[in-house]
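*Asks:* Here you go, start_13.cif (mmCIF, C-alpha atoms):
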data_work
#
loop_
_atom_site.group_PDB
_atom_site.id
_atom_site.type_symbol
_atom_site.label_atom_id
_atom_site.label_comp_id
_atom_site.auth_asym_id
_atom_site.auth_seq_id
_atom_site.Cartn_x
_atom_site.Cartn_y
_atom_site.Cartn_z
ATOM 1 C CA MET Q 1 -4.534 12.786 0.470
ATOM 2 C CA ALA Q 2 -7.682 12.847 -1.621
ATOM 3 C CA ASP Q 3 -7.166 10.275 -4.367
ATOM 4 C CA GLY Q 4 -4.713 8.224 -6.377
ATOM 5 C CA ARG Q 5 -4.471 10.351 -9.507
ATOM 6 C CA THR Q 6 -0.972 11.483 -8.592
ATOM 7 C CA ALA Q 7 1.701 8.893 -7.941
ATOM 8 C CA PRO Q 8 4.519 10.169 -5.728
ATOM 9 C CA THR Q 9 6.989 7.839 -4.085
ATOM 10 C CA VAL Q 10 7.169 7.528 -0.314
ATOM 11 C CA GLY Q 11 10.494 9.362 -0.425
ATOM 12 C CA GLN Q 12 8.912 12.327 -2.198
ATOM 13 C CA MET Q 13 6.080 12.380 0.338
ATOM 14 C CA VAL Q 14 8.535 12.460 3.247
ATOM 15 C CA LEU Q 15 10.608 15.248 1.714
ATOM 16 C CA GLY Q 16 7.488 17.263 0.990
ATOM 17 C CA LEU Q 17 6.514 17.010 4.648
ATOM 18 C CA ARG Q 18 10.031 18.049 5.684
ATOM 19 C CA LEU Q 19 9.829 21.077 3.404
ATOM 20 C CA ARG Q 20 6.571 22.053 5.082
ATOM 21 C CA ASP Q 21 8.156 21.672 8.512
ATOM 22 C CA LEU Q 22 11.165 23.791 7.519
ATOM 23 C CA ARG Q 23 8.930 26.500 6.067
ATOM 24 C CA GLU Q 24 6.819 26.640 9.209
ATOM 25 C CA ARG Q 25 9.900 26.741 11.457
ATOM 26 C CA ALA Q 26 11.226 29.643 9.399
ATOM 27 C CA ASP Q 27 7.849 31.384 9.907
ATOM 28 C CA CYS Q 28 7.616 31.714 6.135
ATOM 29 C CA SER Q 29 4.211 31.971 4.459
ATOM 30 C CA PHE Q 30 3.234 30.186 1.250
ATOM 31 C CA ALA Q 31 3.275 33.543 -0.506
ATOM 32 C CA GLU Q 32 6.815 34.330 0.660
ATOM 33 C CA ALA Q 33 8.081 30.884 -0.355
ATOM 34 C CA ALA Q 34 6.381 31.196 -3.732
ATOM 35 C CA ALA Q 35 7.902 34.639 -4.288
ATOM 36 C CA ALA Q 36 11.378 33.170 -3.795
ATOM 37 C CA LEU Q 37 10.690 30.753 -6.646
ATOM 38 C CA SER Q 38 8.740 33.211 -8.810
ATOM 39 C CA VAL Q 39 5.776 30.833 -8.813
ATOM 40 C CA ASN Q 40 2.314 30.945 -7.276
ATOM 41 C CA SER Q 41 1.478 29.658 -3.796
ATOM 42 C CA THR Q 42 -0.281 26.605 -5.207
ATOM 43 C CA THR Q 43 3.015 25.269 -6.534
ATOM 44 C CA VAL Q 44 4.596 25.377 -3.074
ATOM 45 C CA ARG Q 45 1.549 23.719 -1.533
ATOM 46 C CA ARG Q 46 1.691 20.948 -4.139
ATOM 47 C CA MET Q 47 5.413 20.427 -3.538
ATOM 48 C CA GLU Q 48 4.757 19.921 0.162
ATOM 49 C CA LYS Q 49 1.981 17.432 -0.625
ATOM 50 C CA ALA Q 50 4.157 15.598 -3.200
ATOM 51 C CA GLU Q 51 1.575 16.338 -5.874
ATOM 52 C CA VAL Q 52 4.322 17.581 -8.191
ATOM 53 C CA GLY Q 53 7.896 16.428 -8.649
ATOM 54 C CA LEU Q 54 10.607 17.926 -6.480
ATOM 55 C CA LYS Q 55 12.901 19.902 -8.764
ATOM 56 C CA PRO Q 56 16.364 20.254 -7.166
ATOM 57 C CA PRO Q 57 16.817 23.952 -8.142
ATOM 58 C CA TYR Q 58 13.446 24.810 -6.591
ATOM 59 C CA VAL Q 59 14.193 22.797 -3.453
ATOM 60 C CA GLU Q 60 17.631 24.399 -3.088
ATOM 61 C CA LYS Q 61 16.169 27.899 -3.383
ATOM 62 C CA LEU Q 62 13.496 27.120 -0.790
ATOM 63 C CA LEU Q 63 16.030 25.700 1.655
ATOM 64 C CA LYS Q 64 18.158 28.834 1.357
ATOM 65 C CA THR Q 65 15.058 30.963 1.869
ATOM 66 C CA TYR Q 66 14.317 28.994 5.038
ATOM 67 C CA GLY Q 67 17.840 29.593 6.353
ATOM 68 C CA VAL Q 68 18.989 25.972 6.166
ATOM 69 C CA PRO Q 69 22.805 25.604 6.513
ATOM 70 C CA GLU Q 70 24.708 24.770 3.331
ATOM 71 C CA ALA Q 71 25.834 21.329 4.559
ATOM 72 C CA GLU Q 72 22.235 20.359 5.297
ATOM 73 C CA ILE Q 73 21.132 21.642 1.900
ATOM 74 C CA THR Q 74 23.643 19.351 0.187
ATOM 75 C CA SER Q 75 22.377 16.394 2.200
ATOM 76 C CA PHE Q 76 18.727 17.270 1.478
ATOM 77 C CA LEU Q 77 19.386 17.539 -2.261
ATOM 78 C CA SER Q 78 20.977 14.076 -2.215
ATOM 79 C CA LEU Q 79 17.757 12.762 -0.717
ATOM 80 C CA VAL Q 80 15.783 14.531 -3.459
ATOM 81 C CA ASP Q 81 17.870 12.807 -6.132
ATOM 82 C CA GLU Q 82 17.283 9.458 -4.447
ATOM 83 C CA ALA Q 83 13.546 10.033 -4.050
ATOM 84 C CA ASN Q 84 13.203 11.027 -7.705
ATOM 85 C CA ARG Q 85 14.729 7.781 -8.973
ATOM 86 C CA PRO Q 86 12.163 5.399 -10.485
ATOM 87 C CA GLY Q 87 11.190 2.491 -8.247
ATOM 88 C CA TRP Q 88 11.591 -1.097 -9.452
ATOM 89 C CA TRP Q 89 7.881 -1.203 -10.232
ATOM 90 C CA GLN Q 90 8.264 1.442 -12.937
ATOM 91 C CA SER Q 91 9.556 -1.293 -15.228
ATOM 92 C CA PHE Q 92 5.969 -2.618 -15.082
ATOM 93 C CA ARG Q 93 4.361 0.697 -15.978
ATOM 94 C CA ASP Q 94 2.742 -0.902 -19.041
ATOM 95 C CA VAL Q 95 0.480 -2.887 -16.670
ATOM 96 C CA LEU Q 96 0.628 -0.682 -13.560
ATOM 97 C CA PRO Q 97 -2.071 2.012 -13.238
ATOM 98 C CA SER Q 98 -0.695 5.359 -12.067
ATOM 99 C CA TRP Q 99 -3.017 5.311 -9.060
ATOM 100 C CA PHE Q 100 -1.555 1.969 -7.943
ATOM 101 C CA SER Q 101 2.087 3.079 -8.181
ATOM 102 C CA LEU Q 102 1.790 4.866 -4.846
ATOM 103 C CA TYR Q 103 0.355 1.704 -3.289
ATOM 104 C CA VAL Q 104 3.417 -0.331 -4.306
ATOM 105 C CA SER Q 105 5.713 2.388 -2.938
ATOM 106 C CA LEU Q 106 3.816 2.482 0.382
ATOM 107 C CA GLU Q 107 3.834 -1.308 0.582
ATOM 108 C CA GLY Q 108 7.593 -1.383 0.157
ATOM 109 C CA GLU Q 109 8.252 1.159 2.920
ATOM 110 C CA ALA Q 110 5.658 0.096 5.495
ATOM 111 C CA SER Q 111 6.627 -1.517 8.784
ATOM 112 C CA LEU Q 112 3.063 -2.818 9.259
ATOM 113 C CA ILE Q 113 0.414 -3.705 6.681
ATOM 114 C CA ARG Q 114 -3.055 -4.561 7.957
ATOM 115 C CA SER Q 115 -5.616 -5.808 5.480
ATOM 116 C CA TYR Q 116 -9.303 -6.715 5.435
ATOM 117 C CA GLU Q 117 -10.326 -8.793 2.437
ATOM 118 C CA PRO Q 118 -13.889 -10.041 1.854
ATOM 119 C CA HIS Q 119 -13.467 -11.202 -1.754
ATOM 120 C CA CYS Q 120 -10.071 -12.708 -2.569
ATOM 121 C CA VAL Q 121 -6.682 -13.544 -1.097
ATOM 122 C CA PRO Q 122 -4.485 -10.404 -0.839
ATOM 123 C CA GLY Q 123 -1.892 -10.035 -3.583
ATOM 124 C CA LEU Q 124 1.031 -10.525 -1.190
ATOM 125 C CA LEU Q 125 -0.175 -14.055 -0.413
ATOM 126 C CA GLN Q 126 -1.428 -15.240 -3.808
ATOM 127 C CA THR Q 127 0.069 -18.089 -5.799
ATOM 128 C CA PRO Q 128 0.883 -17.421 -9.482
ATOM 129 C CA GLU Q 129 -1.953 -19.734 -10.571
ATOM 130 C CA TYR Q 130 -4.523 -18.053 -8.319
ATOM 131 C CA ALA Q 131 -3.334 -14.612 -9.415
ATOM 132 C CA ARG Q 132 -3.626 -15.543 -13.097
ATOM 133 C CA ALA Q 133 -7.158 -16.887 -12.601
ATOM 134 C CA LEU Q 134 -8.212 -13.654 -10.873
ATOM 135 C CA LEU Q 135 -6.514 -11.392 -13.407
ATOM 136 C CA SER Q 136 -8.019 -13.318 -16.325
ATOM 137 C CA THR Q 137 -11.441 -12.391 -14.959
ATOM 138 C CA GLY Q 138 -10.501 -8.797 -14.138
ATOM 139 C CA PHE Q 139 -8.907 -8.232 -17.559
ATOM 140 C CA PRO Q 140 -10.879 -10.490 -19.925
ATOM 141 C CA ASN Q 141 -9.430 -8.878 -23.062
ATOM 142 C CA ALA Q 142 -5.797 -9.017 -21.960
ATOM 143 C CA SER Q 143 -3.305 -10.967 -24.038
ATOM 144 C CA GLU Q 144 -1.323 -13.839 -22.540
ATOM 145 C CA GLU Q 145 1.734 -11.606 -22.494
ATOM 146 C CA GLU Q 146 -0.103 -8.891 -20.563
ATOM 147 C CA LEU Q 147 -1.482 -11.401 -18.065
ATOM 148 C CA SER Q 148 2.007 -12.808 -17.542
ATOM 149 C CA ARG Q 149 3.316 -9.303 -16.881
ATOM 150 C CA ARG Q 150 0.581 -8.638 -14.339
ATOM 151 C CA VAL Q 151 1.267 -11.912 -12.555
ATOM 152 C CA ALA Q 152 5.012 -11.182 -12.567
ATOM 153 C CA LEU Q 153 4.398 -7.773 -10.958
ATOM 154 C CA ARG Q 154 2.305 -9.382 -8.227
ATOM 155 C CA MET Q 155 4.944 -12.034 -7.548
ATOM 156 C CA GLN Q 156 7.705 -9.402 -7.443
ATOM 157 C CA ARG Q 157 5.762 -7.473 -4.797
ATOM 158 C CA GLN Q 158 5.801 -10.558 -2.576
ATOM 159 C CA GLU Q 159 9.582 -10.390 -2.279
ATOM 160 C CA LEU Q 160 9.232 -7.771 0.456
ATOM 161 C CA LEU Q 161 7.899 -10.419 2.868
ATOM 162 C CA ARG Q 162 11.239 -12.240 2.634
ATOM 163 C CA ARG Q 163 13.458 -9.218 3.244
ATOM 164 C CA PRO Q 164 15.532 -9.014 6.453
ATOM 165 C CA ASP Q 165 13.510 -5.908 7.329
ATOM 166 C CA ALA Q 166 10.208 -7.352 6.135
ATOM 167 C CA PRO Q 167 7.045 -5.586 7.288
ATOM 168 C CA ARG Q 168 4.553 -7.290 9.551
ATOM 169 C CA LEU Q 169 1.506 -8.397 7.567
ATOM 170 C CA TRP Q 170 -1.777 -8.941 9.429
ATOM 171 C CA VAL Q 171 -4.677 -10.096 7.274
ATOM 172 C CA VAL Q 172 -8.314 -10.710 8.181
ATOM 173 C CA LEU Q 173 -10.081 -12.819 5.518
ATOM 174 C CA GLU Q 174 -13.787 -13.468 5.230
ATOM 175 C CA GLU Q 175 -14.530 -17.202 5.197
ATOM 176 C CA GLN Q 176 -15.943 -16.828 1.686
ATOM 177 C CA VAL Q 177 -12.476 -15.839 0.424
ATOM 178 C CA VAL Q 178 -11.185 -19.383 0.888
ATOM 179 C CA ARG Q 179 -14.456 -21.007 -0.174
ATOM 180 C CA ARG Q 180 -14.889 -19.023 -3.397
ATOM 181 C CA HIS Q 181 -13.810 -21.114 -6.386
ATOM 182 C CA VAL Q 182 -11.044 -19.314 -8.269
ATOM 183 C CA GLY Q 183 -9.750 -21.469 -11.111
ATOM 184 C CA GLU Q 184 -9.676 -25.264 -10.937
ATOM 185 C CA PRO Q 185 -9.795 -27.141 -7.601
ATOM 186 C CA ALA Q 186 -6.029 -27.677 -7.861
ATOM 187 C CA VAL Q 187 -5.565 -23.888 -7.944
ATOM 188 C CA MET Q 188 -7.554 -23.499 -4.727
ATOM 189 C CA ARG Q 189 -5.692 -26.347 -3.024
ATOM 190 C CA GLY Q 190 -2.401 -24.681 -3.923
ATOM 191 C CA GLN Q 191 -3.648 -21.315 -2.709
ATOM 192 C CA ILE Q 192 -4.843 -22.664 0.613
ATOM 193 C CA ASP Q 193 -1.507 -24.450 1.029
ATOM 194 C CA ARG Q 194 0.199 -21.097 0.435
ATOM 195 C CA LEU Q 195 -1.919 -19.482 3.168
ATOM 196 C CA ILE Q 196 -1.089 -22.306 5.564
ATOM 197 C CA GLU Q 197 2.612 -21.809 4.809
ATOM 198 C CA ALA Q 198 2.205 -18.078 5.444
ATOM 199 C CA THR Q 199 0.819 -18.728 8.943
ATOM 200 C CA ALA Q 200 4.231 -20.161 9.853
ATOM 201 C CA MET Q 201 6.073 -16.984 8.826
ATOM 202 C CA PRO Q 202 7.061 -14.925 11.900
ATOM 203 C CA ASN Q 203 5.992 -11.653 10.296
ATOM 204 C CA VAL Q 204 2.609 -12.825 8.954
ATOM 205 C CA THR Q 205 -0.694 -13.193 10.808
ATOM 206 C CA VAL Q 206 -3.741 -14.594 8.997
ATOM 207 C CA GLN Q 207 -7.180 -14.704 10.603
ATOM 208 C CA VAL Q 208 -10.405 -16.082 9.154
ATOM 209 C CA LEU Q 209 -13.697 -14.334 9.888
ATOM 210 C CA PRO Q 210 -16.294 -17.158 9.892
ATOM 211 C CA PHE Q 211 -19.797 -16.722 8.500
ATOM 212 C CA ALA Q 212 -21.094 -17.495 11.990
ATOM 213 C CA SER Q 213 -19.357 -14.418 13.437
ATOM 214 C CA GLY Q 214 -22.173 -12.260 12.072
ATOM 215 C CA PRO Q 215 -21.968 -8.593 10.988
ATOM 216 C CA HIS Q 216 -18.889 -6.492 11.587
ATOM 217 C CA PRO Q 217 -17.808 -2.847 11.129
ATOM 218 C CA ALA Q 218 -16.182 -3.186 7.674
ATOM 219 C CA MET Q 219 -18.910 -4.800 5.615
ATOM 220 C CA PHE Q 220 -18.630 -1.995 3.052
ATOM 221 C CA GLY Q 221 -15.563 -3.487 1.336
ATOM 222 C CA PRO Q 222 -11.832 -4.287 1.416
ATOM 223 C CA PHE Q 223 -9.105 -1.897 2.539
ATOM 224 C CA GLN Q 224 -5.475 -1.812 3.662
ATOM 225 C CA LEU Q 225 -3.790 0.232 6.379
ATOM 226 C CA PHE Q 226 -0.086 1.071 6.185
ATOM 227 C CA ARG Q 227 2.049 2.121 9.153
ATOM 228 C CA PHE Q 228 5.636 3.347 8.914
ATOM 229 C CA ASP Q 229 8.741 3.721 11.043
ATOM 230 C CA ILE Q 230 9.283 7.070 9.294
ATOM 231 C CA PRO Q 231 8.325 9.781 11.840
ATOM 232 C CA GLU Q 232 6.908 12.170 9.253
ATOM 233 C CA LEU Q 233 4.464 9.670 7.755
ATOM 234 C CA PRO Q 234 1.061 9.086 9.357
ATOM 235 C CA ASP Q 235 -0.942 5.894 8.933
ATOM 236 C CA ILE Q 236 -2.374 5.666 5.419
ATOM 237 C CA VAL Q 237 -5.503 3.740 4.400
ATOM 238 C CA TYR Q 238 -5.998 2.513 0.840
ATOM 239 C CA ILE Q 239 -9.423 1.811 -0.678
ATOM 240 C CA GLU Q 240 -9.692 0.614 -4.270
ATOM 241 C CA SER Q 241 -12.586 0.970 -6.695
ATOM 242 C CA LEU Q 242 -13.184 -0.302 -10.214
ATOM 243 C CA SER Q 243 -11.443 2.665 -11.835
ATOM 244 C CA GLY Q 244 -9.127 4.140 -9.210
ATOM 245 C CA ALA Q 245 -8.285 4.413 -5.549
ATOM 246 C CA VAL Q 246 -8.553 6.686 -2.529
ATOM 247 C CA TYR Q 247 -5.773 7.195 0.025
ATOM 248 C CA HIS Q 248 -6.771 8.505 3.474
ATOM 249 C CA ASP Q 249 -4.142 9.977 5.791
ATOM 250 C CA GLU Q 250 -6.173 12.257 8.065
ATOM 251 C CA ARG Q 251 -6.037 10.909 11.603
ATOM 252 C CA PRO Q 252 -9.828 10.782 12.249
ATOM 253 C CA ASP Q 253 -10.229 8.690 9.080
ATOM 254 C CA THR Q 254 -7.358 6.297 9.705
ATOM 255 C CA ALA Q 255 -8.329 5.905 13.370
ATOM 256 C CA ALA Q 256 -11.799 4.742 12.302
ATOM 257 C CA TYR Q 257 -10.334 2.082 10.010
ATOM 258 C CA LEU Q 258 -7.866 0.986 12.670
ATOM 259 C CA GLU Q 259 -10.687 0.548 15.163
ATOM 260 C CA ALA Q 260 -12.618 -1.517 12.605
ATOM 261 C CA LEU Q 261 -9.574 -3.743 12.064
ATOM 262 C CA ASP Q 262 -9.142 -4.241 15.808
ATOM 263 C CA ARG Q 263 -12.793 -5.155 16.250
ATOM 264 C CA MET Q 264 -12.700 -7.594 13.328
ATOM 265 C CA GLY Q 265 -9.527 -9.155 14.670
ATOM 266 C CA ALA Q 266 -11.341 -9.779 17.951
ATOM 267 C CA GLN Q 267 -14.370 -11.192 16.115
ATOM 268 C CA ALA Q 268 -12.382 -13.478 13.812
ATOM 269 C CA ALA Q 269 -11.138 -16.908 14.793
ATOM 270 C CA PRO Q 270 -7.821 -16.690 16.666
ATOM 271 C CA ALA Q 271 -4.741 -16.876 14.470
ATOM 272 C CA THR Q 272 -3.737 -20.067 16.276
ATOM 273 C CA ARG Q 273 -6.766 -21.775 14.685
ATOM 274 C CA THR Q 274 -6.147 -20.546 11.138
ATOM 275 C CA GLU Q 275 -4.097 -23.539 10.000
ATOM 276 C CA THR Q 276 -6.779 -25.952 11.254
ATOM 277 C CA LEU Q 277 -9.623 -24.002 9.650
ATOM 278 C CA LEU Q 278 -7.827 -23.776 6.323
ATOM 279 C CA GLY Q 279 -6.995 -27.474 6.418
ATOM 280 C CA GLU Q 280 -10.671 -28.336 6.889
ATOM 281 C CA ILE Q 281 -11.762 -26.085 4.006
ATOM 282 C CA ARG Q 282 -9.004 -27.463 1.767
ATOM 283 C CA LYS Q 283 -10.632 -30.917 1.922
ATOM 284 C CA GLU Q 284 -13.629 -29.478 0.049
ATOM 285 C CA PHE Q 285 -11.424 -28.904 -3.014
#
The structure in this file should be written as structure tokens.
*Replies:*
Amino acid sequence: MADGRTAPTVGQMVLGLRLRDLRERADCSFAEAAAALSVNSTTVRRMEKAEVGLKPPYVEKLLKTYGVPEAEITSFLSLVDEANRPGWWQSFRDVLPSWFSLYVSLEGEASLIRSYEPHCVPGLLQTPEYARALLSTGFPNASEEELSRRVALRMQRQELLRRPDAPRLWVVLEEQVVRRHVGEPAVMRGQIDRLIEATAMPNVTVQVLPFASGPHPAMFGPFQLFRFDIPELPDIVYIESLSGAVYHDERPDTAAYLEALDRMGAQAAPATRTETLLGEIRKEF
């Protein structure tokens, strides 16, 4: 997965992978599959990578070409219809970059989200006031209405942590994250209180990486790793830049980031000390 210019949903990604598996089991080449659709091989490749939408007539023709039984075809097409439905976040498309749409979809389907953040509190743990202060800096020309929409999107994302099937969130924060002044002191006190509350959630782990811990393997910048209970989906790493994002799903890449997270987790203060550390820093505000 090279970059975030396309924005499939997780459902489309899974179905694309299943189409690839069915094609390979049928010992069907890209050229043969493309001939069945009267398209070029690139189209089939892009369908399998979820780089283009899954059109039901195309999918049905491919499944028949691969020898899939009629009952299974009907079931597969139902999944296509479901995967093609807009996610809740599409109602925020006026303030949601296309390259971030995939992130929100991955976030909503992940069973584990691991995050390293050297600059600011991750969006899933921000208060509305902290989020607004950050977004006001990131989008200095935005209207009040636009800022409110961006904050609302961020708050809506946080709902997943309260679901019955909520993912496990494991965050490693640099000490400077909770010392950096974002907004008025009251904003920082509220944000630190929110982090302390999060440490009591059974599905959330927050660790602080103190200045005194020295250098570590991820000093290049923030990133997130998503893991899924969906067999077809590998781990996916997300790295954001000023104008876009990169999504890594090749195992050598994701394994390197996972190792970095493990090493930072060992270097950081134990999670059992997080509440105490945050309480001490809160006094400074």
*Asks:* So, counting all atoms listed in the file, which residue among Q:Pro97, Q:Pro185, Q:Gly108, Q:Gly53 is closest to Phe226 (chain Q)?
*Replies:*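 Closest candidate: Q:Gly108.
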*Asks:* If you apply the PyMOL selection byres ((chain Q and resi 110-124) around 6) to this file, what residues do you get, as a ChimeraX atom specification?
*Replies:* /Q:106-109,125-126,158,167-174,177,222-228
*Asks:* Just the residues within 8 Å of Pro210 (chain Q), please, counting all atoms listed in the file, with nothing from its chain fewer than 4 positions along; format it as a PDB file with C-alpha atoms, in the coordinates of the input.
*Replies:*
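Full text of result_19.pdb as output:
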ATOM      1  CA  GLU Q 174     -13.787 -13.468   5.230  1.00  0.00           C
ATOM      2  CA  GLU Q 175     -14.530 -17.202   5.197  1.00  0.00           C
ATOM      3  CA  GLY Q 214     -22.173 -12.260  12.072  1.00  0.00           C
ATOM      4  CA  ALA Q 268     -12.382 -13.478  13.812  1.00  0.00           C
ATOM      5  CA  ALA Q 269     -11.138 -16.908  14.793  1.00  0.00           C
TER       6      ALA Q 269
END
*Asks:* Give me the residues near Ala218 (chain Q) as a list of chain:residue names, where near means some atom within 8 Å (using only C-alpha atoms) and where sequence neighbours in that chain fewer than 6 positions away do not count.
*Replies:*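 Selected residues are Q:Ala260, Q:Leu261, Q:Met264.
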*Asks:* Show me as a PyMOL selection string the residues that reach within 12 Å of (-0.6, -10.7, -17.7), counting only C-alpha atoms and using the file's own coordinates.
*Replies:* chain Q and resi 92+94-96+128-129+131-155
*Asks:* Nearest to Ser243 (chain Q): which of Q:Tyr257, Q:Phe220, Q:Phe211, Q:Phe100 is it, counting all atoms listed in the file?
*Replies:*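 Looking only at the distances to Ser243 (chain Q), the closest residue turns out to be Q:Phe100.
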*Asks:* So that I can check the surroundings of region 72-87 of chain Q, please list as a ChimeraX atom specification every protein, DNA and RNA residue that reaches within 12 Å of it, counting only C-alpha atoms and ignoring chain neighbours fewer than 3 positions away.
*Replies:* /Q:7-16,18-19,22,47,50,52-69,90-93,101-106,108-109,157
*Asks:* Restricting the calculation to only C-alpha atoms, which member of Q:Ala33, Q:Ile236, Q:Ala71, Q:Leu161 is positioned closest to Ala198 (chain Q)?
*Replies:*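 Closest to Ala198 (chain Q) of all the choices is Q:Leu161.
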*Asks:* Please determine, counting all atoms listed in the file, which residue among Q:Leu278, Q:Val44, Q:Ala166, Q:Ala36 has the shortest atom-to-atom distance to Val204 (chain Q).
*Replies:*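 Going through Q:Leu278, Q:Val44, Q:Ala166, Q:Ala36 one by one, the smallest distance to Val204 (chain Q) is for Q:Ala166.
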*Asks:* I would like the residues chosen by the PyMOL selection byres ((chain Q and resi 280) around 12) on the shown file; could you give them as a PyMOL selection string?
*Replies:* chain Q and resi 175+178-179+189+192-193+196+273-279+281-285
*Asks:* Q:Val208, Q:Cys28, Q:Ala266, Q:Ile230: which is nearest Leu195 (chain Q), counting all atoms listed in the file?
*Replies:*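 For Leu195 (chain Q), the nearest of the given residues is Q:Val208.
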*Asks:* Looking at Q:Met201, Q:Glu232, Q:Asp165, Q:Gln267, which one is nearest to Pro215 (chain Q), with distances taken over all atoms listed in the file?
*Replies:* Q:Gln267
*Asks:* Around region 148-164 of chain Q, with edges along x, y and z and 3 Å added on all six sides, what centre and edge lengths do you get, in Å to one decimal, as JSON?
*Replies:*
{"center_x": 8.1, "center_y": -10.1, "center_z": -5.5, "size_x": 21.0, "size_y": 11.3, "size_z": 30.0}
*Asks:* Rounded to one decimal in Å, what is the spacing between CA of Ala256 (chain Q) and CA of Val237 (chain Q)?
*Replies:*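 Separating CA of Ala256 (chain Q) from CA of Val237 (chain Q) is a distance of 10.2 Å.
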*Asks:* Can you measure CA of Glu259 (chain Q) to CA of His216 (chain Q) for me? One decimal in Å is fine.
*Replies:*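 Those two atoms sit 11.4 Å apart.
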*Asks:* Which distance in Å separates CA of Ala255 (chain Q) and CA of Arg23 (chain Q), to one decimal?
*Replies:*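 These atoms are spaced 27.8 Å apart.
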*Asks:* Run through the PyMOL selection byres ((chain Q and resi 250) around 9) on the given coordinates and return the selected residues as a list in words.
*Replies:*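 When the PyMOL selection byres ((chain Q and resi 250) around 9) is applied, the selected residues are Met1, Pro234, Asp235, Ile236, His248, Asp249, Arg251, Pro252, Asp253, Thr254 and Ala255 of chain Q.
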